[in-house]
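J.: This structure is in structure tokens; I'll ask about it shortly.
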Amino acid sequence: MKIVALIAPATWPAVVAAVRRHGIDSSIWLVATDEPPAPLVGPPGALLGRALPPTPVPPELAESAANELLNQAAAALGMPAAIQVLRGPAEQAVIQACADADLLVLARDGDNTRLGPASLSHQTRFIVDHAPCIIELVWPAGRPSAARVPPPPAGRRPPVR
């Protein structure tokens, strides 16, 4: 089984832990992108007004940071793994990296204080919608309580338990 694991600055420890649970019988590819993360949208970023345009990062600096992150994740994994820095728009590059993968492991990277679509960034939502393989989507710091699920819309009956 080929596992592709998307390593990102804030969420990589949860992704590495998920990959480790799949065992040593897999071919593991740790990938990171050379594109800076999208600006924070939603709480608490919504309180700051409009997001500023991203500051351009020199390509060699972005690649160096991605390689450093991948080496850190590979050391924490403690199993043989290939590492690769993906170039270009992150969501497109990840989809291409998964062309022959059996499993993609990535973490939620939006508002992680509650369940729902806001727990995914736009890039991650695109990857989830278009990945050509099975996806394991992990919570980076434990999942929120199911009690935080919003009530059904008016006029719909709640589920029977």
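Chain labels follow the order of the structure tokens: the first chain is A, the next B, and so on; residue numbering restarts at 1 in every chain, and ligands are counted from 1 in their shown order.
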So that I can see what lies close to A:Asp109, please list as a compact mmCIF listing (two decimals) with N, CA, C and O atoms, in the first residue's frame the residues with an atom at most 7 Å from it, counting only C-alpha atoms and leaving out residues fewer than 4 positions away in the same chain.
T.:
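Written file, selection_24.txt:
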# COMPACT_ATOMS: atom_id res chain seq x y z
N SER A 119 -13.76 23.58 9.53
CA SER A 119 -12.53 22.96 10.03
C SER A 119 -11.56 22.62 8.90
O SER A 119 -10.48 22.11 9.15
N LEU A 120 -11.95 22.92 7.65
CA LEU A 120 -11.07 22.71 6.50
C LEU A 120 -10.79 24.04 5.81
O LEU A 120 -11.71 24.82 5.59
N SER A 121 -9.53 24.26 5.45
CA SER A 121 -9.20 25.44 4.63
C SER A 121 -9.71 25.18 3.22
O SER A 121 -10.09 24.06 2.86
J.: Could you name the residues that touch A:Pro117 at 12 Å or less, counting only C-alpha atoms, but leaving out those on the same chain fewer than 5 positions away, as a list in words?
T.: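 In the requested format, the answer is Gly42, Arg108, Asp109, Gly110, Asp111, Asn112, His122, Thr124, Arg125, Phe126, Val128, Val149 and Pro150 of chain A.
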J.: I need the residues from that last selection saved to file as a compact mmCIF listing (two decimals), in the first residue's frame (with all heavy atoms), if you can.
T.:
# COMPACT_ATOMS: atom_id res chain seq x y z
N GLY A 42 -11.83 33.17 9.16
CA GLY A 42 -12.72 32.74 10.23
C GLY A 42 -12.08 33.02 11.57
O GLY A 42 -11.00 33.59 11.66
N ARG A 108 -6.99 18.36 9.34
CA ARG A 108 -7.86 19.53 9.25
C ARG A 108 -7.01 20.74 9.59
O ARG A 108 -6.20 20.70 10.51
CB ARG A 108 -9.03 19.40 10.23
CG ARG A 108 -9.96 18.28 9.84
CD ARG A 108 -11.07 18.10 10.87
NE ARG A 108 -11.95 17.03 10.49
CZ ARG A 108 -13.03 17.18 9.71
NH1 ARG A 108 -13.34 18.37 9.25
NH2 ARG A 108 -13.78 16.16 9.39
N ASP A 109 -7.22 21.84 8.88
CA ASP A 109 -6.36 23.00 9.06
C ASP A 109 -7.14 24.31 9.11
O ASP A 109 -6.60 25.37 8.88
CB ASP A 109 -5.32 23.06 7.95
CG ASP A 109 -5.95 23.12 6.57
OD1 ASP A 109 -7.19 22.98 6.44
OD2 ASP A 109 -5.22 23.30 5.59
N GLY A 110 -8.41 24.23 9.44
CA GLY A 110 -9.23 25.44 9.57
C GLY A 110 -9.53 25.71 11.03
O GLY A 110 -8.66 25.61 11.89
N ASP A 111 -10.78 26.01 11.33
CA ASP A 111 -11.22 26.26 12.70
C ASP A 111 -11.42 24.92 13.39
O ASP A 111 -12.40 24.23 13.16
CB ASP A 111 -12.52 27.07 12.68
CG ASP A 111 -13.07 27.33 14.07
OD1 ASP A 111 -12.39 27.00 15.07
OD2 ASP A 111 -14.18 27.87 14.16
N ASN A 112 -10.48 24.54 14.23
CA ASN A 112 -10.51 23.22 14.87
C ASN A 112 -11.20 23.22 16.22
O ASN A 112 -11.07 22.27 16.98
CB ASN A 112 -9.08 22.68 15.01
CG ASN A 112 -8.53 22.28 13.67
OD1 ASN A 112 -9.18 21.56 12.92
ND2 ASN A 112 -7.35 22.76 13.35
N HIS A 122 -9.70 26.20 2.39
CA HIS A 122 -10.14 26.03 1.00
C HIS A 122 -9.25 25.04 0.26
O HIS A 122 -9.75 24.22 -0.52
CB HIS A 122 -10.16 27.38 0.27
CG HIS A 122 -11.18 28.32 0.81
ND1 HIS A 122 -12.53 28.10 0.69
CD2 HIS A 122 -11.06 29.48 1.49
CE1 HIS A 122 -13.19 29.08 1.26
NE2 HIS A 122 -12.33 29.94 1.76
N THR A 124 -7.51 22.48 1.56
CA THR A 124 -7.78 21.13 2.03
C THR A 124 -9.12 20.63 1.52
O THR A 124 -9.26 19.47 1.15
CB THR A 124 -7.72 21.08 3.57
OG1 THR A 124 -6.42 21.53 3.97
CG2 THR A 124 -7.96 19.68 4.09
N ARG A 125 -10.12 21.49 1.46
CA ARG A 125 -11.44 21.12 0.92
C ARG A 125 -11.29 20.66 -0.53
O ARG A 125 -11.87 19.66 -0.95
CB ARG A 125 -12.40 22.31 1.01
CG ARG A 125 -13.74 22.05 0.38
CD ARG A 125 -14.66 21.44 1.39
NE ARG A 125 -14.87 20.06 1.07
CZ ARG A 125 -15.44 19.18 1.87
NH1 ARG A 125 -15.84 19.53 3.06
NH2 ARG A 125 -15.62 17.95 1.52
N PHE A 126 -10.48 21.38 -1.32
CA PHE A 126 -10.25 21.01 -2.71
C PHE A 126 -9.59 19.62 -2.78
O PHE A 126 -9.99 18.77 -3.58
CB PHE A 126 -9.36 22.05 -3.40
CG PHE A 126 -9.16 21.77 -4.86
CD1 PHE A 126 -10.00 22.33 -5.80
CD2 PHE A 126 -8.11 20.96 -5.29
CE1 PHE A 126 -9.81 22.08 -7.15
CE2 PHE A 126 -7.92 20.71 -6.64
CZ PHE A 126 -8.77 21.26 -7.57
N VAL A 128 -9.67 17.19 -0.53
CA VAL A 128 -10.63 16.17 -0.11
C VAL A 128 -11.62 15.87 -1.24
O VAL A 128 -11.98 14.72 -1.48
CB VAL A 128 -11.37 16.62 1.18
CG1 VAL A 128 -12.58 15.77 1.47
CG2 VAL A 128 -10.41 16.60 2.37
N VAL A 149 -22.23 19.95 17.61
CA VAL A 149 -22.88 19.91 16.30
C VAL A 149 -24.09 20.82 16.35
O VAL A 149 -24.89 20.77 17.30
CB VAL A 149 -23.31 18.47 15.95
CG1 VAL A 149 -24.12 18.44 14.67
CG2 VAL A 149 -22.10 17.57 15.85
N PRO A 150 -24.25 21.70 15.35
CA PRO A 150 -25.40 22.61 15.39
C PRO A 150 -26.71 21.84 15.27
O PRO A 150 -26.75 20.75 14.72
CB PRO A 150 -25.19 23.51 14.17
CG PRO A 150 -24.14 22.88 13.36
CD PRO A 150 -23.40 21.89 14.20
J.: So, counting only C-alpha atoms, which residue among A:Asn71, A:Thr113, A:Gln123, A:Ser26 is closest to A:Ser145?
T.: A:Thr113
J.: Which residues are close to stretch 6-11 of chain A, i.e. within 6 Å by only C-alpha atoms, leaving aside same-chain residues fewer than 2 positions away? Reply as a PDB file with N, CA, C and O atoms, in the first residue's frame.
T.:
ATOM      1  N   PRO A  13       2.444  16.694  13.404  1.00  0.00           N
ATOM      2  CA  PRO A  13       2.523  15.615  14.396  1.00  0.00           C
ATOM      3  C   PRO A  13       1.310  14.670  14.354  1.00  0.00           C
ATOM      4  O   PRO A  13       1.454  13.447  14.491  1.00  0.00           O
ATOM      5  N   ALA A  14       0.118  15.196  14.128  1.00  0.00           N
ATOM      6  CA  ALA A  14      -1.082  14.345  14.043  1.00  0.00           C
ATOM      7  C   ALA A  14      -1.038  13.467  12.797  1.00  0.00           C
ATOM      8  O   ALA A  14      -1.459  12.305  12.832  1.00  0.00           O
ATOM      9  N   VAL A  31       5.103  14.316   2.046  1.00  0.00           N
ATOM     10  CA  VAL A  31       5.186  15.426   1.099  1.00  0.00           C
ATOM     11  C   VAL A  31       4.826  16.733   1.790  1.00  0.00           C
ATOM     12  O   VAL A  31       4.012  16.763   2.707  1.00  0.00           O
ATOM     13  N   ALA A  32       5.461  17.800   1.347  1.00  0.00           N
ATOM     14  CA  ALA A  32       5.153  19.154   1.810  1.00  0.00           C
ATOM     15  C   ALA A  32       5.181  20.044   0.580  1.00  0.00           C
ATOM     16  O   ALA A  32       5.796  19.696  -0.432  1.00  0.00           O
ATOM     17  N   LEU A 106      -4.010  13.475   5.789  1.00  0.00           N
ATOM     18  CA  LEU A 106      -3.828  14.896   5.993  1.00  0.00           C
ATOM     19  C   LEU A 106      -4.653  15.339   7.183  1.00  0.00           C
ATOM     20  O   LEU A 106      -5.495  14.589   7.676  1.00  0.00           O
ATOM     21  N   PRO A 140      -5.909  17.731  14.280  1.00  0.00           N
ATOM     22  CA  PRO A 140      -4.537  17.957  14.741  1.00  0.00           C
ATOM     23  C   PRO A 140      -4.363  17.928  16.251  1.00  0.00           C
ATOM     24  O   PRO A 140      -3.288  17.620  16.730  1.00  0.00           O
TER      25      PRO A 140
END
J.: So what do you get for atom CA of A:Met1 versus atom CA of A:Met79, distance-wise?
T.: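 Distance reported for this atom pair: 14.7 Å.
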J.: Counting only C-alpha atoms, figure out which residue out of A:Leu115, A:Ala146, A:Ala17, A:Ala66 gets nearest to A:Gln84.
T.: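 Closest candidate: A:Ala66.
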J.: When you count only C-alpha atoms, which of these residues is closest to A:Ala97: A:Val138, A:Ile127, A:Ala62, A:Ala154?
T.: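 Residue with the minimum atom-to-atom distance to A:Ala97: A:Ile127.
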